[in-house]
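Printed here is start.cif (mmCIF, C-alpha atoms and all ligand atoms):
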data_my_file
loop_
_atom_site.label_atom_id
_atom_site.label_comp_id
_atom_site.auth_asym_id
_atom_site.auth_seq_id
_atom_site.Cartn_x
_atom_site.Cartn_y
_atom_site.Cartn_z
CA MET A 1 -25.44 10.88 -16.82
CA LYS A 2 -26.02 7.98 -14.44
CA THR A 3 -23.83 6.00 -12.07
CA GLN A 4 -24.17 4.07 -8.82
CA VAL A 5 -22.01 6.22 -6.53
CA VAL A 6 -20.90 9.84 -6.98
CA ILE A 7 -17.75 10.42 -4.94
CA ILE A 8 -17.13 14.06 -4.11
CA GLY A 9 -13.42 14.85 -3.59
CA ALA A 10 -10.24 13.21 -4.89
CA GLY A 11 -8.25 13.30 -1.65
CA PRO A 12 -7.10 10.03 -0.10
CA SER A 13 -10.65 9.16 1.08
CA GLY A 14 -12.38 9.55 -2.28
CA LEU A 15 -9.58 7.95 -4.27
CA LEU A 16 -9.20 4.94 -1.99
CA LEU A 17 -12.97 4.41 -1.92
CA SER A 18 -13.07 4.53 -5.71
CA GLN A 19 -10.34 1.91 -5.99
CA LEU A 20 -12.15 -0.49 -3.65
CA LEU A 21 -15.46 0.05 -5.46
CA TYR A 22 -13.78 -0.49 -8.81
CA GLN A 23 -12.43 -3.84 -7.68
CA ALA A 24 -15.90 -4.91 -6.59
CA GLY A 25 -17.52 -3.82 -9.84
CA VAL A 26 -19.46 -0.88 -8.40
CA ASP A 27 -19.83 2.08 -10.83
CA PHE A 28 -18.81 5.55 -9.70
CA ILE A 29 -17.70 9.00 -10.82
CA ILE A 30 -15.33 11.17 -8.77
CA LEU A 31 -15.77 14.95 -8.86
CA GLU A 32 -12.78 17.03 -7.72
CA ARG A 33 -12.80 20.81 -7.48
CA GLN A 34 -9.05 21.31 -7.90
CA THR A 35 -6.57 20.51 -10.67
CA ARG A 36 -4.58 17.27 -10.66
CA ASP A 37 -1.36 19.23 -10.00
CA HIS A 38 -2.88 20.89 -6.97
CA VAL A 39 -4.14 17.63 -5.50
CA GLU A 40 -0.84 15.84 -6.13
CA GLY A 41 1.27 18.66 -4.71
CA ARG A 42 -0.29 18.99 -1.26
CA ILE A 43 2.11 18.14 1.56
CA ARG A 44 0.43 16.34 4.44
CA ALA A 45 1.45 13.85 7.14
CA GLY A 46 3.28 10.63 6.43
CA VAL A 47 2.76 7.79 8.93
CA LEU A 48 0.57 4.86 7.86
CA GLU A 49 -0.94 2.40 10.32
CA GLN A 50 -0.98 -1.30 9.46
CA ILE A 51 -4.70 -1.13 8.57
CA THR A 52 -3.94 1.61 6.03
CA VAL A 53 -1.05 -0.36 4.57
CA ASP A 54 -3.33 -3.43 4.34
CA LEU A 55 -6.03 -1.40 2.63
CA LEU A 56 -3.60 0.01 0.07
CA GLU A 57 -2.49 -3.59 -0.60
CA ARG A 58 -6.12 -4.69 -1.01
CA ALA A 59 -6.68 -1.74 -3.37
CA GLY A 60 -3.70 -2.86 -5.47
CA VAL A 61 -1.77 0.40 -5.01
CA ALA A 62 0.97 -0.68 -2.63
CA ASP A 63 3.90 -1.38 -4.99
CA ARG A 64 5.73 1.94 -4.61
CA MET A 65 4.96 2.11 -0.90
CA ARG A 66 6.51 -1.34 -0.45
CA ARG A 67 9.62 -0.20 -2.38
CA GLU A 68 10.07 3.30 -0.99
CA GLY A 69 8.23 3.35 2.36
CA LEU A 70 10.21 3.08 5.59
CA PRO A 71 8.89 0.61 8.19
CA HIS A 72 9.34 2.16 11.66
CA HIS A 73 9.41 0.17 14.86
CA GLY A 74 9.45 2.97 17.38
CA PHE A 75 9.60 6.70 17.99
CA GLN A 76 10.90 9.10 20.59
CA LEU A 77 9.27 11.48 23.05
CA LEU A 78 11.81 14.15 23.94
CA SER A 79 11.81 16.84 26.65
CA GLU A 80 14.37 18.66 28.79
CA ASP A 81 14.35 15.55 30.99
CA GLY A 82 15.71 13.46 28.11
CA PRO A 83 14.33 11.05 25.51
CA VAL A 84 11.83 8.22 26.03
CA ARG A 85 11.76 5.65 23.24
CA ILE A 86 8.41 4.00 22.57
CA ASP A 87 9.31 0.60 21.14
CA VAL A 88 6.05 0.04 19.28
CA THR A 89 7.04 -3.31 17.80
CA LYS A 90 8.14 -4.78 21.14
CA LEU A 91 5.00 -3.45 22.81
CA THR A 92 2.42 -4.34 20.14
CA GLY A 93 4.05 -6.72 17.64
CA LYS A 94 3.23 -4.19 14.91
CA SER A 95 4.97 -1.37 13.07
CA VAL A 96 4.01 1.74 11.09
CA MET A 97 5.04 2.72 7.56
CA VAL A 98 6.57 6.14 6.95
CA TYR A 99 5.31 7.11 3.49
CA GLY A 100 3.91 10.51 2.59
CA GLN A 101 0.23 11.16 2.03
CA THR A 102 1.37 13.07 -1.07
CA GLU A 103 2.81 9.81 -2.43
CA VAL A 104 -0.31 7.82 -1.45
CA THR A 105 -2.43 10.35 -3.36
CA GLN A 106 -0.18 10.21 -6.43
CA ASP A 107 -0.27 6.39 -6.44
CA LEU A 108 -4.07 6.36 -6.16
CA ILE A 109 -4.51 8.93 -8.95
CA ALA A 110 -2.14 6.97 -11.20
CA ALA A 111 -4.15 3.77 -10.58
CA CYS A 112 -7.41 5.59 -11.20
CA LEU A 113 -6.30 7.16 -14.48
CA LYS A 114 -4.75 3.89 -15.64
CA ARG A 115 -8.10 2.12 -15.46
CA GLY A 116 -9.74 4.95 -17.46
CA GLY A 117 -11.43 8.19 -16.64
CA GLU A 118 -14.13 8.27 -14.01
CA LEU A 119 -12.26 11.16 -12.38
CA VAL A 120 -13.27 14.74 -13.22
CA PHE A 121 -10.81 17.43 -12.09
CA GLU A 122 -11.83 21.09 -11.94
CA ALA A 123 -15.49 20.26 -11.34
CA GLY A 124 -16.99 23.61 -10.30
CA ASP A 125 -20.02 24.49 -8.23
CA VAL A 126 -20.74 20.91 -7.14
CA ALA A 127 -24.24 20.67 -5.64
CA LEU A 128 -26.07 17.72 -4.07
CA HIS A 129 -29.79 17.19 -4.71
CA ASP A 130 -32.63 15.04 -3.35
CA LEU A 131 -30.42 13.27 -0.82
CA GLU A 132 -33.41 12.24 1.27
CA THR A 133 -34.99 10.40 -1.68
CA GLU A 134 -34.03 7.14 -3.42
CA THR A 135 -33.02 9.09 -6.53
CA PRO A 136 -30.35 11.61 -5.48
CA SER A 137 -28.26 13.51 -8.01
CA VAL A 138 -25.18 15.72 -8.12
CA SER A 139 -24.69 18.67 -10.46
CA PHE A 140 -21.43 20.44 -11.38
CA ILE A 141 -19.92 22.73 -13.97
CA LYS A 142 -17.09 21.57 -16.21
CA ASP A 143 -15.66 23.75 -18.99
CA GLY A 144 -18.57 26.16 -18.70
CA THR A 145 -21.29 23.49 -19.03
CA ARG A 146 -23.51 22.28 -16.18
CA HIS A 147 -23.87 18.50 -15.87
CA GLN A 148 -26.10 16.37 -13.69
CA ILE A 149 -25.34 12.84 -12.51
CA HIS A 150 -28.18 10.66 -11.22
CA CYS A 151 -27.00 8.06 -8.73
CA ASP A 152 -27.97 5.68 -5.96
CA PHE A 153 -25.61 7.10 -3.31
CA VAL A 154 -23.29 10.05 -2.73
CA ALA A 155 -19.97 9.65 -0.88
CA GLY A 156 -18.92 12.96 0.68
CA CYS A 157 -15.12 12.72 0.66
CA ASP A 158 -14.51 16.44 0.14
CA GLY A 159 -12.67 17.34 3.32
CA TYR A 160 -13.46 19.82 6.05
CA HIS A 161 -14.30 22.72 3.71
CA GLY A 162 -16.29 20.64 1.24
CA VAL A 163 -19.90 20.98 0.15
CA SER A 164 -21.17 17.56 1.32
CA ARG A 165 -21.45 18.12 5.06
CA LYS A 166 -22.96 21.54 4.41
CA SER A 167 -25.71 19.89 2.33
CA ILE A 168 -27.09 18.20 5.45
CA PRO A 169 -29.65 20.26 7.41
CA ALA A 170 -27.98 21.60 10.56
CA THR A 171 -30.78 20.14 12.67
CA ALA A 172 -29.88 16.62 11.49
CA LEU A 173 -26.28 16.80 12.75
CA GLN A 174 -24.41 17.27 15.97
CA THR A 175 -20.91 18.71 15.82
CA PHE A 176 -18.16 18.61 18.44
CA GLU A 177 -15.19 20.90 18.14
CA ARG A 178 -12.00 22.12 19.79
CA VAL A 179 -9.83 24.73 18.11
CA TYR A 180 -6.27 24.92 19.46
CA PRO A 181 -4.65 28.32 20.00
CA PHE A 182 -1.58 27.53 17.85
CA GLY A 183 -0.50 26.04 14.54
CA TRP A 184 2.32 23.92 13.13
CA LEU A 185 4.88 25.57 10.90
CA GLY A 186 6.19 22.80 8.64
CA LEU A 187 9.30 22.70 6.48
CA LEU A 188 10.26 20.08 3.89
CA ALA A 189 13.91 19.86 2.79
CA ASP A 190 16.19 17.51 0.89
CA VAL A 191 18.48 16.78 3.81
CA PRO A 192 18.98 13.46 5.62
CA PRO A 193 16.78 13.12 8.75
CA CYS A 194 18.45 13.90 12.10
CA ASP A 195 17.46 10.48 13.45
CA GLU A 196 16.32 7.10 12.15
CA GLU A 197 13.00 7.50 13.99
CA LEU A 198 10.49 10.30 14.50
CA ILE A 199 11.09 12.60 17.47
CA TYR A 200 8.13 14.32 19.14
CA CYS A 201 9.61 17.07 21.29
CA SER A 202 7.96 18.94 24.18
CA HIS A 203 9.86 22.14 24.98
CA GLU A 204 9.19 25.25 27.06
CA ARG A 205 9.24 27.29 23.83
CA GLY A 206 6.72 24.93 22.24
CA PHE A 207 6.39 21.58 20.50
CA ALA A 208 8.66 20.40 17.67
CA LEU A 209 8.57 17.31 15.47
CA ALA A 210 11.38 15.71 13.49
CA SER A 211 9.90 13.53 10.75
CA MET A 212 10.96 12.33 7.32
CA ARG A 213 9.84 11.19 3.90
CA SER A 214 12.94 9.15 2.97
CA HIS A 215 16.61 8.75 3.92
CA THR A 216 17.31 11.98 2.03
CA ARG A 217 14.18 14.07 2.63
CA SER A 218 13.16 15.48 6.03
CA ARG A 219 9.95 17.01 7.32
CA TYR A 220 10.15 19.20 10.42
CA TYR A 221 7.59 21.19 12.38
CA VAL A 222 7.61 23.80 15.14
CA GLN A 223 4.56 24.96 17.08
CA VAL A 224 3.84 28.66 16.44
CA PRO A 225 1.11 31.09 17.61
CA LEU A 226 -1.75 31.42 15.11
CA SER A 227 -0.86 35.10 14.68
CA GLU A 228 2.48 34.12 13.12
CA LYS A 229 3.05 35.08 9.46
CA LEU A 230 4.83 32.68 7.12
CA GLU A 231 6.87 35.49 5.54
CA ASP A 232 8.44 36.22 8.94
CA TRP A 233 9.95 32.72 8.97
CA SER A 234 13.10 32.58 6.87
CA ASP A 235 14.62 29.11 6.55
CA ASP A 236 17.42 30.24 8.89
CA ARG A 237 14.98 31.31 11.58
CA PHE A 238 13.14 27.98 11.27
CA TRP A 239 16.31 25.89 11.60
CA GLN A 240 17.50 27.91 14.60
CA GLU A 241 14.19 27.56 16.43
CA LEU A 242 14.01 23.85 15.63
CA ALA A 243 17.57 23.26 16.88
CA ARG A 244 16.84 25.15 20.09
CA ARG A 245 13.79 23.01 20.84
CA LEU A 246 15.40 19.69 19.89
CA GLY A 247 18.35 20.43 22.20
CA PRO A 248 22.10 20.05 21.64
CA ASP A 249 22.22 16.24 21.32
CA VAL A 250 19.76 16.05 18.44
CA ALA A 251 20.61 19.47 16.98
CA GLY A 252 24.20 18.23 16.62
CA LYS A 253 22.91 15.74 14.02
CA LEU A 254 20.60 18.21 12.27
CA ALA A 255 21.43 18.74 8.58
CA VAL A 256 19.99 22.01 7.28
CA GLY A 257 19.20 23.10 3.72
CA PRO A 258 16.84 25.20 1.63
CA SER A 259 13.13 24.54 2.09
CA LEU A 260 11.16 22.81 -0.69
CA GLU A 261 7.91 23.80 1.04
CA LYS A 262 6.95 25.76 4.13
CA SER A 263 3.44 26.29 5.47
CA ILE A 264 1.47 26.92 8.66
CA ALA A 265 -1.42 24.57 9.50
CA PRO A 266 -3.96 25.28 12.25
CA LEU A 267 -4.88 22.49 14.69
CA ARG A 268 -8.44 21.39 15.25
CA SER A 269 -10.42 18.50 16.74
CA PHE A 270 -13.82 18.12 15.09
CA VAL A 271 -16.45 15.39 14.80
CA THR A 272 -19.81 15.42 13.08
CA ALA A 273 -22.42 12.82 14.02
CA PRO A 274 -24.00 10.96 12.44
CA MET A 275 -21.73 10.58 9.42
CA GLN A 276 -24.66 10.02 7.08
CA TRP A 277 -27.94 11.59 6.03
CA GLY A 278 -30.40 10.07 3.59
CA ARG A 279 -28.30 8.76 0.70
CA LEU A 280 -25.19 10.79 1.60
CA PHE A 281 -22.29 9.20 3.49
CA LEU A 282 -19.38 11.28 4.83
CA ALA A 283 -15.84 9.89 5.06
CA GLY A 284 -12.48 11.31 6.16
CA ASP A 285 -11.98 15.01 6.84
CA ALA A 286 -15.54 15.78 5.65
CA ALA A 287 -16.72 14.08 8.86
CA HIS A 288 -13.90 14.68 11.32
CA ILE A 289 -10.59 16.43 11.89
CA VAL A 290 -7.82 15.49 14.30
CA PRO A 291 -4.79 17.58 15.21
CA PRO A 292 -1.73 16.09 13.45
CA THR A 293 -0.02 14.97 16.68
CA GLY A 294 0.10 11.20 16.17
CA ALA A 295 -0.70 11.37 12.42
CA LYS A 296 -4.17 9.88 12.69
CA GLY A 297 -5.94 11.94 9.94
CA LEU A 298 -5.21 9.80 6.92
CA ASN A 299 -5.52 6.57 8.90
CA LEU A 300 -8.96 7.54 10.14
CA ALA A 301 -9.97 8.38 6.59
CA ALA A 302 -8.78 4.90 5.60
CA SER A 303 -10.90 3.14 8.24
CA ASP A 304 -14.00 5.14 7.26
CA VAL A 305 -13.42 4.12 3.67
CA ALA A 306 -13.01 0.46 4.64
CA TYR A 307 -16.39 0.51 6.40
CA LEU A 308 -18.11 2.50 3.64
CA ALA A 309 -16.70 0.35 0.84
CA ASP A 310 -17.90 -2.81 2.66
CA ALA A 311 -21.37 -1.34 3.03
CA LEU A 312 -21.68 -0.15 -0.58
CA ILE A 313 -20.37 -3.48 -1.87
CA ASP A 314 -22.84 -5.33 0.32
CA TRP A 315 -25.65 -3.27 -1.14
CA HIS A 316 -24.34 -3.86 -4.67
CA ARG A 317 -23.99 -7.63 -4.25
CA ARG A 318 -26.94 -8.50 -2.06
CA GLY A 319 -29.19 -5.48 -2.43
CA SER A 320 -29.08 -5.15 1.34
CA PRO A 321 -29.20 -1.63 2.85
CA ASP A 322 -28.40 -2.89 6.36
CA ALA A 323 -24.65 -2.26 6.32
CA LEU A 324 -25.18 1.22 4.85
CA ALA A 325 -27.72 2.02 7.56
CA ALA A 326 -25.14 0.96 10.16
CA TYR A 327 -22.18 2.83 8.58
CA SER A 328 -22.00 5.78 10.97
CA ALA A 329 -22.58 3.65 14.06
CA ARG A 330 -19.73 1.38 12.96
CA ALA A 331 -17.30 4.19 12.09
CA LEU A 332 -17.79 6.61 14.97
CA PRO A 333 -16.33 4.58 17.88
CA ARG A 334 -12.97 4.37 16.09
CA VAL A 335 -13.19 8.06 15.20
CA TRP A 336 -13.68 8.98 18.85
CA ARG A 337 -10.79 6.75 19.97
CA ALA A 338 -8.46 8.48 17.52
CA GLU A 339 -9.85 11.88 18.53
CA ARG A 340 -9.06 11.08 22.14
CA PHE A 341 -5.50 9.96 21.41
CA SER A 342 -4.72 12.96 19.17
CA TRP A 343 -6.20 15.39 21.72
CA TRP A 344 -4.33 13.77 24.59
CA PHE A 345 -1.02 13.69 22.71
CA THR A 346 -1.50 17.34 21.66
CA ASN A 347 -2.15 18.38 25.26
CA LEU A 348 0.86 16.47 26.55
CA MET A 349 3.37 17.88 24.07
CA HIS A 350 2.34 21.50 23.34
CA ARG A 351 2.72 24.77 25.15
CA PHE A 352 -0.70 26.40 25.63
CA PRO A 353 -1.08 30.14 26.31
CA ASP A 354 -2.34 29.23 29.80
CA THR A 355 0.35 26.61 30.52
CA ASP A 356 1.66 27.96 33.85
CA THR A 357 4.53 26.49 35.88
CA PHE A 358 2.15 23.96 37.45
CA GLY A 359 0.81 22.92 34.04
CA ARG A 360 4.34 22.45 32.74
CA GLN A 361 5.25 20.32 35.76
CA MET A 362 2.21 18.14 35.05
CA GLN A 363 3.41 17.59 31.47
CA ARG A 364 6.90 16.71 32.75
CA ALA A 365 5.46 14.40 35.41
CA GLU A 366 3.40 12.60 32.77
CA LEU A 367 6.45 12.16 30.53
CA ASP A 368 8.37 10.90 33.58
CA TYR A 369 5.58 8.40 34.29
CA ILE A 370 5.66 7.23 30.67
CA ARG A 371 9.45 6.83 30.90
CA HIS A 372 9.11 4.45 33.84
CA SER A 373 5.89 2.60 33.07
CA ASP A 374 5.68 -0.20 30.51
CA ALA A 375 1.89 -0.04 30.85
CA ALA A 376 1.82 3.65 29.89
CA GLN A 377 4.16 3.02 26.96
CA LYS A 378 2.00 0.15 25.77
CA GLY A 379 -1.09 2.38 25.80
CA ILE A 380 0.68 4.93 23.63
CA ALA A 381 2.12 2.31 21.30
CA GLU A 382 -1.19 0.54 20.64
CA ASN A 383 -2.83 3.84 19.75
CA TYR A 384 0.09 4.92 17.59
CA VAL A 385 0.09 1.75 15.47
CA GLY A 386 -3.69 2.03 15.22
CA LEU A 387 -6.60 0.45 17.06
CA PRO A 388 -8.44 -2.48 15.46
CA LEU A 389 -11.07 -1.81 12.79
CA ASP A 390 -13.78 -3.46 14.87
CA TRP A 391 -13.43 -3.52 18.64
CA SER A 392 -16.66 -4.95 19.91
N1 LIG A 401 -16.29 19.84 -4.85
C1 LIG A 401 -15.40 18.90 -5.25
N2 LIG A 401 -14.28 18.60 -4.56
C2 LIG A 401 -14.07 19.25 -3.41
C3 LIG A 401 -14.97 20.23 -2.91
C4 LIG A 401 -16.12 20.51 -3.69
N3 LIG A 401 -17.01 21.43 -3.30
N4 LIG A 401 -14.50 20.70 -1.74
C5 LIG A 401 -13.35 20.06 -1.51
N5 LIG A 401 -13.08 19.18 -2.50
C6 LIG A 401 -11.90 18.30 -2.63
C7 LIG A 401 -10.60 18.96 -2.19
O1 LIG A 401 -10.05 19.74 -3.23
C8 LIG A 401 -9.76 17.75 -1.87
O2 LIG A 401 -9.03 17.29 -2.98
O3 LIG A 401 -12.04 17.21 -1.75
C9 LIG A 401 -10.76 16.68 -1.44
C10 LIG A 401 -10.70 16.37 0.04
O4 LIG A 401 -9.45 15.82 0.34
P1 LIG A 401 -8.77 15.93 1.79
O5 LIG A 401 -8.99 17.28 2.36
O6 LIG A 401 -7.37 15.42 1.67
O7 LIG A 401 -9.65 14.94 2.70
P2 LIG A 401 -9.67 13.34 2.76
O8 LIG A 401 -9.60 12.74 1.41
O9 LIG A 401 -10.78 12.99 3.68
O10 LIG A 401 -8.29 12.97 3.42
C11 LIG A 401 -8.06 12.95 4.77
O11 LIG A 401 -6.22 14.34 4.40
O12 LIG A 401 -6.47 16.49 5.19
C12 LIG A 401 -5.82 15.29 5.36
O13 LIG A 401 -5.32 15.12 7.64
C13 LIG A 401 -6.17 14.75 6.64
O14 LIG A 401 -4.78 13.00 6.39
C14 LIG A 401 -6.12 13.33 6.35
C15 LIG A 401 -6.62 13.15 4.99
C1 LIG A 402 4.80 14.17 8.99
O1 LIG A 402 5.77 13.48 8.66
O2 LIG A 402 4.40 15.10 8.28
C2 LIG A 402 4.14 13.86 10.29
C3 LIG A 402 4.55 12.76 11.01
C4 LIG A 402 3.95 12.47 12.22
C5 LIG A 402 2.96 13.29 12.70
C6 LIG A 402 2.52 14.39 11.95
C7 LIG A 402 3.12 14.67 10.75
O3 LIG A 402 2.39 13.02 13.90
#
Whole structure given in structure tokens:
Amino acid sequence: MKTQVVIIGAGPSGLLLSQLLYQAGVDFIILERQTRDHVEGRIRAGVLEQITVDLLERAGVADRMRREGLPHHGFQLLSEDGPVRIDVTKLTGKSVMVYGQTEVTQDLIAACLKRGGELVFEAGDVALHDLETETPSVSFIKDGTRHQIHCDFVAGCDGYHGVSRKSIPATALQTFERVYPFGWLGLLADVPPCDEELIYCSHERGFALASMRSHTRSRYYVQVPLSEKLEDWSDDRFWQELARRLGPDVAGKLAVGPSLEKSIAPLRSFVTAPMQWGRLFLAGDAAHIVPPTGAKGLNLAASDVAYLADALIDWHRRGSPDALAAYSARALPRVWRAERFSWWFTNLMHRFPDTDTFGRQMQRAELDYIRHSDAAQKGIAENYVGLPLDWS
């Protein structure tokens, strides 16, 4: 088999890249380890920056998002000192779109299958070969048979646990990492959201987040220690803990119901640099992870894909390798900016094991400063709606 680009992973990064390449006439094959049901069922974050919305438009997969997505113009920071509303539209002229990553993935898979099958699910034992040559290849097992695809480039879009990053010699990469000593316990339920906007809540007992997928489906999170076991969290216990952290005013509007999904996700900041080696280019979670505070993960994957698609299309049209050579250098500054914002927002809102009374007062003082300072609010708002694709 032969193609121009082998894309490893059918998460949002790989699927969006494939759609942009398809429109430009670049040939590709996507290899995905999991089943379609598994990929389409994963519950992830749900706030899209304008650049992500624009990219989905450009990719021709924005119809359902336009119909069902909820444009949001602000969000709340809540603590025992009261709420602070960040009016993102007043402060930046922009808005965000609340639309689940699960839905984005479903829309992208539907578009991909509609145009006819370059997407292989349940591709086992994917291995990358000869990446440092001009004739790389990728092998995999499907239905008991090993296949090999010769290609010009490999796009590693296979997430944090994927095989792509691990195929690069350790000496060729630098990694930067922070693991947080807690996770988010998330619950999805078919109940109306407690507020029209998202509420990020900093509480002595730990962080909580009130989010949504629609006017009838809510997504809530509470910070829990990593030692916590999912089976110890009945729905009742979750709702009680959430209500306690959100406080009486918000809890009074909280509609509770049976969970559709409940899971614990660890929090991590991680960057690998450079994001390329030989003919392999990493995008999305394969190259970097952010903690979910601020919902930057999918949006960062989208900006990587925008840069990588441009570079591959440039090579396809003009035969020029220059944009590909510059891919990592172009992508990393935006990655680091989003890493900084997600790290900062995580530190501001969470209870750490070593948060003493002084540390807590510092968090409260920072929230108090944000409450009173338009400049501070503007800084938060411009990061939340997403920094520009190129900020030279
Ligand atoms: N072979 C083939 N596919 C693989 C392999 C492998 N060895 N390893 C992983 N994959 C697949 C996974 O099954 C998954 O479908 O790669 C895909 C990676 O998808 P994501 O983890 O969603 O990563 P990405 O597409 O970069 O999306 C980034 O997703 O994890 C969130 O917060 C993150 O929102 C961000 C977004
Ligand atoms: C979500 O809706 O799942 C969500 C929203 C905002 C975040 C993280 C997750 O910052």
To box ligand LIG 402 (chain A), take all atoms listed in the file, fit an axis-aligned box, add 6 Å on each side, and give centre and edge lengths in Å to one decimal, as AutoDock Vina command-line options.
--center_x 4.1 --center_y 13.8 --center_z 11.1 --size_x 15.4 --size_y 14.6 --size_z 17.6
- request: Please identify the residues whose atoms come within 7 Å of ligand LIG 401 (chain A), using only C-alpha atoms and all ligand atoms, and report them as a VMD selection string.
  value: chain A and resid 8 to 14 31 to 34 39 44 to 45 101 123 to 126 157 to 163 283 to 286 289 292 297 to 299 301
query: Hey, can you pull every residue with an atom no more than 7 Å from (-22.4, 6.4, 9.4), using all atoms listed in the file, and send it as a PyMOL selection string?
result: chain A and resi 274-276+281+326-331
field: Residue nearest A:Gly74 - candidates A:Leu55, A:Leu300, A:Ile199, A:Ala155, atoms counted: all atoms listed in the file
entry: A:Ile199
- prompt: Residues around (11.4, 9.5, 13.3), cut-off 10 Å, counting only C-alpha atoms - what are they as a ChimeraX atom specification?
  reply: /A:47,72-76,98,193-200,209-213,218-219
field: Which residue of A:Pro83, A:Gly41, A:Gly69, A:Pro225 approaches A:Leu260 most closely, using only C-alpha atoms
entry: A:Gly41
field: For A:Gly379: contacts at 9 Å, only C-alpha atoms, fewer than 5 positions along chain excluded, given as a list in words
entry: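 That gives Leu91, Asp374 and Tyr384 of chain A.
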task: Mind giving me the straight-line distance from atom CA of A:Ser234 to atom CA of A:Pro181 in Å, one decimal?
output: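 Between these atoms lies a distance of 22.5 Å.
Restricting the calculation to only C-alpha atoms and all ligand atoms, the smallest distance between ligand LIG 402 (chain A) and any of A:Ala302, A:Asp190, A:Gly46, A:Ser320 is found for A:Gly46.
Residue neighbourhood of A:Lys114, excluding near-sequence residues (fewer than 6 positions): Gln19, Val61, Asp107 and Leu108 of chain A, at 12 Å, using all atoms listed in the file.
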Can you write just those residues out, C-alpha atoms, as a CSV table (one decimal), in the coordinates of the input?
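Final output, saved to out_30.csv:
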chain,number,residue,atom,x,y,z
A,19,GLN,CA,-10.3,1.9,-6.0
A,61,VAL,CA,-1.8,0.4,-5.0
A,107,ASP,CA,-0.3,6.4,-6.4
A,108,LEU,CA,-4.1,6.4,-6.2
task: Measuring atom to atom with all atoms listed in the file, identify which of A:Phe182, A:Trp239, A:Tyr22, A:Phe153 is nearest to A:Leu280.
output: A:Phe153
statement: From atom CA of A:Arg245 to atom CA of A:Gly257 the spacing works out at 18.0 Å
statement: Using only C-alpha atoms and all ligand atoms, the residue out of A:Arg217, A:Arg318, A:Lys2, A:His203 with shortest distance to ligand LIG 402 (chain A) is A:Arg217
message: One decimal, in Å: what's the spacing between atom CA of A:Ala365 and atom CA of A:Arg205?
response: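 Rounded to one decimal, the two atoms are 17.7 Å apart.
Of the residues under consideration (A:Leu131, A:Cys112, A:Leu56, A:Val335), A:Val335 shows the shortest atom-to-atom contact distance to A:Ala287 when counting all atoms listed in the file.
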- prompt: Do you know which residues are at most 8 Å from A:Tyr221 counting only C-alpha atoms, after dropping those on the same chain fewer than 4 positions away, and could you put them as a ChimeraX atom specification?
  reply: /A:184-187,208-210,242
query: stretch 307-311 of chain A: which residues within 7 Å, counting all atoms listed in the file, same-chain residues fewer than 5 positions away excluded, as a list in words?
result: Leu17, Leu20, Leu21, Ala323, Leu324, Tyr327 and Ala331 of chain A
Create the file for the chosen residues now, containing C-alpha atoms and written as an mmCIF file, in the coordinates of the input.
data_model
loop_
_atom_site.group_PDB
_atom_site.id
_atom_site.type_symbol
_atom_site.label_atom_id
_atom_site.label_comp_id
_atom_site.auth_asym_id
_atom_site.auth_seq_id
_atom_site.Cartn_x
_atom_site.Cartn_y
_atom_site.Cartn_z
ATOM 1 C CA LEU A 17 -12.970 4.410 -1.920
ATOM 2 C CA LEU A 20 -12.150 -0.490 -3.650
ATOM 3 C CA LEU A 21 -15.460 0.050 -5.460
ATOM 4 C CA ALA A 323 -24.650 -2.260 6.320
ATOM 5 C CA LEU A 324 -25.180 1.220 4.850
ATOM 6 C CA TYR A 327 -22.180 2.830 8.580
ATOM 7 C CA ALA A 331 -17.300 4.190 12.090
#
